[in-house]
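Listing of coords04.cif, mmCIF, C-alpha atoms
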```cif
data_target
loop_
_atom_site.label_atom_id
_atom_site.label_comp_id
_atom_site.auth_asym_id
_atom_site.auth_seq_id
_atom_site.Cartn_x
_atom_site.Cartn_y
_atom_site.Cartn_z
CA MET A 955 65.68 50.53 55.80
CA PRO A 956 64.66 46.89 56.32
CA THR A 957 63.42 45.58 59.63
CA TYR A 958 64.59 42.15 60.74
CA ARG A 959 62.35 39.89 62.81
CA GLY A 960 64.19 37.08 64.53
CA PRO A 961 63.45 33.37 64.13
CA ALA A 962 60.47 31.88 65.92
CA LEU A 963 62.89 30.09 68.27
CA PHE A 964 63.65 33.50 69.76
CA GLY A 965 60.00 34.50 70.03
CA GLY A 966 60.12 36.42 66.75
CA LEU A 967 61.84 39.36 68.45
CA ASP A 968 61.85 42.51 66.38
CA TYR A 969 65.50 43.50 66.09
CA GLY A 970 64.65 46.83 64.52
CA THR A 971 66.40 48.50 61.66
CA CYS A 972 69.86 47.21 60.91
CA TRP A 973 72.33 47.43 58.02
CA GLY A 974 75.38 45.23 57.67
CA CYS A 975 75.17 43.09 60.81
CA ILE A 976 76.98 39.75 60.97
CA VAL A 977 75.39 36.65 59.43
CA VAL A 978 76.74 33.99 61.73
CA SER A 979 74.60 33.16 64.77
CA LEU A 980 75.76 31.44 67.88
CA ARG A 981 73.53 29.85 70.40
CA LEU A 982 75.69 29.29 73.49
CA GLY A 983 74.48 27.42 76.54
CA LEU A 984 77.71 28.26 78.40
CA PHE A 985 76.80 31.71 79.65
CA GLY A 986 73.71 32.50 81.68
CA VAL A 987 73.31 36.05 80.47
CA LEU A 988 70.99 36.90 77.60
CA LEU A 989 72.64 39.12 75.04
CA LEU A 990 71.28 39.99 71.65
CA ALA A 991 74.43 40.70 69.68
CA ALA A 992 74.70 42.52 66.39
CA LEU A 993 71.68 44.66 67.09
CA PRO A 994 71.55 48.32 66.30
CA VAL A 995 72.03 50.54 69.33
CA GLN A 996 68.45 51.79 69.28
CA ALA A 997 67.11 48.19 69.36
CA VAL A 998 69.09 47.33 72.51
CA ALA A 999 68.21 50.45 74.48
CA ALA A 1000 67.89 54.02 73.30
CA ASP A 1001 69.48 55.53 76.42
CA VAL A 1002 72.42 53.14 77.00
CA GLY A 1003 75.07 55.42 75.51
CA VAL A 1004 78.54 54.00 74.99
CA GLY A 1005 80.09 50.90 76.51
CA HIS A 1006 77.89 48.09 75.15
CA VAL A 1007 78.19 45.16 72.74
CA THR A 1008 77.43 46.14 69.15
CA GLY A 1009 77.80 42.78 67.45
CA ILE A 1010 79.67 39.53 67.16
CA GLY A 1011 83.29 40.23 66.27
CA GLY A 1012 84.40 36.63 65.92
CA ILE A 1013 83.80 33.02 66.73
CA PHE A 1014 86.71 31.03 68.15
CA VAL A 1015 86.62 27.28 68.74
CA LYS A 1016 89.15 24.87 70.20
CA SER A 1017 90.00 21.75 68.22
CA LYS A 1018 92.35 18.82 68.62
CA ASP A 1019 93.32 19.35 64.96
CA PRO A 1020 92.61 22.98 63.97
CA ARG A 1021 94.11 22.64 60.49
CA ALA A 1022 91.97 19.62 59.64
CA LEU A 1023 88.88 21.35 61.03
CA ALA A 1024 89.59 24.51 59.00
CA ALA A 1025 90.07 22.36 55.89
CA TRP A 1026 86.71 20.67 56.53
CA TYR A 1027 84.92 24.03 56.83
CA ARG A 1028 86.63 25.13 53.61
CA ASP A 1029 86.10 21.93 51.60
CA VAL A 1030 82.68 20.88 52.88
CA LEU A 1031 80.89 24.13 53.73
CA GLY A 1032 82.70 26.31 51.20
CA ILE A 1033 83.93 28.85 53.76
CA ASP A 1034 86.84 30.88 52.40
CA VAL A 1035 89.48 29.95 54.99
CA ALA A 1036 92.48 32.29 54.78
CA SER A 1037 96.15 31.35 55.19
CA TRP A 1038 96.03 32.41 58.86
CA GLY A 1039 93.54 29.57 59.53
CA GLY A 1040 90.28 31.49 59.88
CA ALA A 1041 87.71 33.22 57.73
CA VAL A 1042 86.15 36.65 57.57
CA LEU A 1043 82.40 36.52 56.99
CA PRO A 1044 81.23 39.93 55.77
CA TYR A 1045 78.46 41.72 57.59
CA ASP A 1046 76.76 42.61 54.33
CA ALA A 1047 76.91 39.33 52.39
CA LYS A 1048 74.32 39.23 49.62
CA LEU A 1049 71.02 37.51 50.48
CA HIS A 1050 71.83 37.12 54.18
CA PRO A 1051 69.96 38.43 57.20
CA PRO A 1052 71.16 41.72 58.65
CA ALA A 1053 71.49 40.47 62.24
CA ALA A 1054 72.91 37.68 64.36
CA ALA A 1055 71.24 36.05 67.34
CA TRP A 1056 72.76 34.91 70.62
CA THR A 1057 70.75 32.80 73.03
CA ALA A 1058 71.46 31.02 76.30
CA LEU A 1059 69.71 27.65 76.45
CA PRO A 1060 69.04 25.63 79.61
CA ALA A 1061 71.81 23.14 80.48
CA ASN A 1062 69.40 20.25 79.90
CA SER A 1063 68.30 21.46 76.44
CA LYS A 1064 68.29 18.79 73.74
CA TYR A 1065 68.41 21.41 70.96
CA MET A 1066 72.12 20.79 70.31
CA ALA A 1067 71.93 16.97 70.52
CA PRO A 1068 73.57 14.76 69.47
CA SER A 1069 76.50 17.12 70.03
CA THR A 1070 77.95 17.23 73.53
CA ARG A 1071 79.60 20.60 72.90
CA GLU A 1072 78.33 23.59 74.88
CA PHE A 1073 77.65 25.64 71.77
CA MET A 1074 76.24 25.33 68.27
CA LEU A 1075 77.04 27.28 65.13
CA ASP A 1076 74.26 28.61 62.92
CA PHE A 1077 75.30 29.67 59.44
CA ALA A 1078 72.96 31.56 57.15
CA VAL A 1079 73.05 30.10 53.63
CA ASP A 1080 71.83 31.37 50.28
CA ASP A 1081 70.53 28.03 48.91
CA LEU A 1082 69.81 25.22 51.37
CA ASP A 1083 69.09 22.65 48.64
CA ALA A 1084 72.46 23.31 46.98
CA ILE A 1085 74.46 23.09 50.21
CA VAL A 1086 72.61 19.93 51.32
CA ALA A 1087 73.42 18.34 47.95
CA ARG A 1088 77.10 19.30 48.36
CA LEU A 1089 77.12 17.89 51.90
CA ALA A 1090 75.57 14.61 50.73
CA ALA A 1091 78.15 14.33 47.94
CA LYS A 1092 80.90 14.75 50.57
CA GLY A 1093 79.37 12.04 52.79
CA VAL A 1094 78.09 14.38 55.51
CA THR A 1095 75.05 13.07 57.38
CA ILE A 1096 72.07 15.42 57.51
CA LEU A 1097 70.76 15.02 61.07
CA LYS A 1098 67.44 16.73 60.39
CA ARG A 1099 65.83 19.08 57.94
CA ASP A 1100 62.93 21.49 58.46
CA ASP A 1101 61.39 23.37 55.55
CA SER A 1102 58.31 24.50 57.50
CA ASP A 1103 59.69 27.03 60.03
CA PRO A 1104 58.16 30.52 59.63
CA SER A 1105 61.64 32.11 59.65
CA GLY A 1106 63.05 29.93 56.87
CA ARG A 1107 64.44 26.51 56.02
CA PHE A 1108 66.93 24.59 58.20
CA ALA A 1109 69.25 21.58 58.10
CA TRP A 1110 71.52 20.31 60.88
CA ILE A 1111 74.87 18.51 60.65
CA LEU A 1112 77.91 17.79 62.83
CA ASP A 1113 81.44 18.94 62.06
CA PRO A 1114 84.40 16.54 62.57
CA ASP A 1115 84.82 17.75 66.19
CA GLY A 1116 81.17 16.99 66.99
CA THR A 1117 79.95 20.59 66.93
CA LYS A 1118 76.36 20.82 65.75
CA ILE A 1119 75.90 23.19 62.84
CA GLU A 1120 72.56 24.69 61.92
CA LEU A 1121 72.28 25.80 58.30
CA TRP A 1122 69.56 28.40 57.86
CA GLN A 1123 68.12 29.76 54.63
CA PRO A 1124 66.07 32.77 55.78
CA LYS A 1125 62.70 33.40 54.17
CA LYS A 1126 62.84 36.00 51.45
CA ARG A 1127 61.23 39.25 52.54
#
```
Can you turn what I pasted into structure tokens?
Amino acid sequence: MPTYRGPALFGGLDYGTCWGCIVVSLRLGLFGVLLLAALPVQAVAADVGVGHVTGIGGIFVKSKDPRALAAWYRDVLGIDVASWGGAVLPYDAKLHPPAAAWTALPANSKYMAPSTREFMLDFAVDDLDAIVARLAAKGVTILKRDDSDPSGRFAWILDPDGTKIELWQPKKR
């Protein structure tokens, strides 16, 4: 089984062996408790037993215009938004990392700037160059790009509600 080592931002934490964990990462500054979601039970604590978080089950955001926001995620990012207004992102999507990260950042962190939202979305992508080209064609501003991170390649954008989105193409292992 593969072993997943987290991005350098998280100190390269070894998440252990994991199959089929969710590919969407959230980095929330809202809660002051550190929780590494979507980790296998043995990576969290071998003796915890039952009654613990096993992964991210969903991401829910408020919007002044939820239909327009869902359409933007569908049309711009290519997320398969269903008729009920949301999307199901499979745990075992091809070419995606087998784990999700959750991190609490200090309230004064600039990591999510220029967004004023208290959270940021991080989507794993299969081809950063292709998605950046699609974003540019749709008039989306690329805030920053980093192709030198040891955990992969990144680009950052804002959605129509001002939520910062990190697009991450993990390094091939």
Given the PyMOL selection byres ((chain A and resi 1106) around 7), the residues it picks as a count of residues only: 10
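Nearest residue to Ala1078 in chain A among A:Gly1011, A:Pro1052, A:Gly1003, A:Gly1039 is A:Pro1052, counting all atoms listed in the file.
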Point-to-point distance in Å for CA of Ser1063 in chain A and CA of Trp1026 in chain A: 27.1 Å
How big is the axis-aligned box around the listed atoms of range 1013-1023 of chain A once 4 Å is added on each side, and where is its centre? Give both in Å to one decimal, as JSON.
```
{"center_x": 89.0, "center_y": 25.9, "center_z": 64.9, "size_x": 18.3, "size_y": 22.2, "size_z": 18.6}
```
Residue members of the PyMOL selection byres ((chain A and resi 1015) around 12) in the file shown, as an MDAnalysis selection string: chainID A and resid 980 1012:1014 1016:1020 1023:1024 1039:1040 1071:1075 1113 1115:1117
Atomic separation - CA of Val1094 in chain A relative to CA of Pro1068 in chain A, Å: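 A separation of 14.7 Å between them.
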Separation of CA of Pro1114 in chain A from CA of Ile1096 in chain A, in Å and rounded to one decimal: 13.4 Å
Given all atoms listed in the file as the counted atoms, nearest of A:Ala1084, A:Ala1053, A:Leu1031, A:Ala1058 to Ile1010 in chain A: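 For Ile1010 in chain A, the nearest of the candidates is A:Ala1053.
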Selected residue of minimal separation from Leu1121 in chain A among A:Ala1109, A:Ile1085, A:Met1066, A:Leu1049, counting all atoms listed in the file: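 Of all the options, A:Ala1109 lies closest to Leu1121 in chain A.
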A:Lys1048, A:Arg1021, A:Arg1127, A:His1006 ranked by distance to Val1035 in chain A, top pick (using only C-alpha atoms):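 Checking each candidate against Val1035 in chain A, we get A:Arg1021 as the closest.
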Residues matched by the PyMOL selection byres ((chain A and resi 1110) around 6), written as a PyMOL selection string: chain A and resi 1096-1098+1109+1111+1119-1120
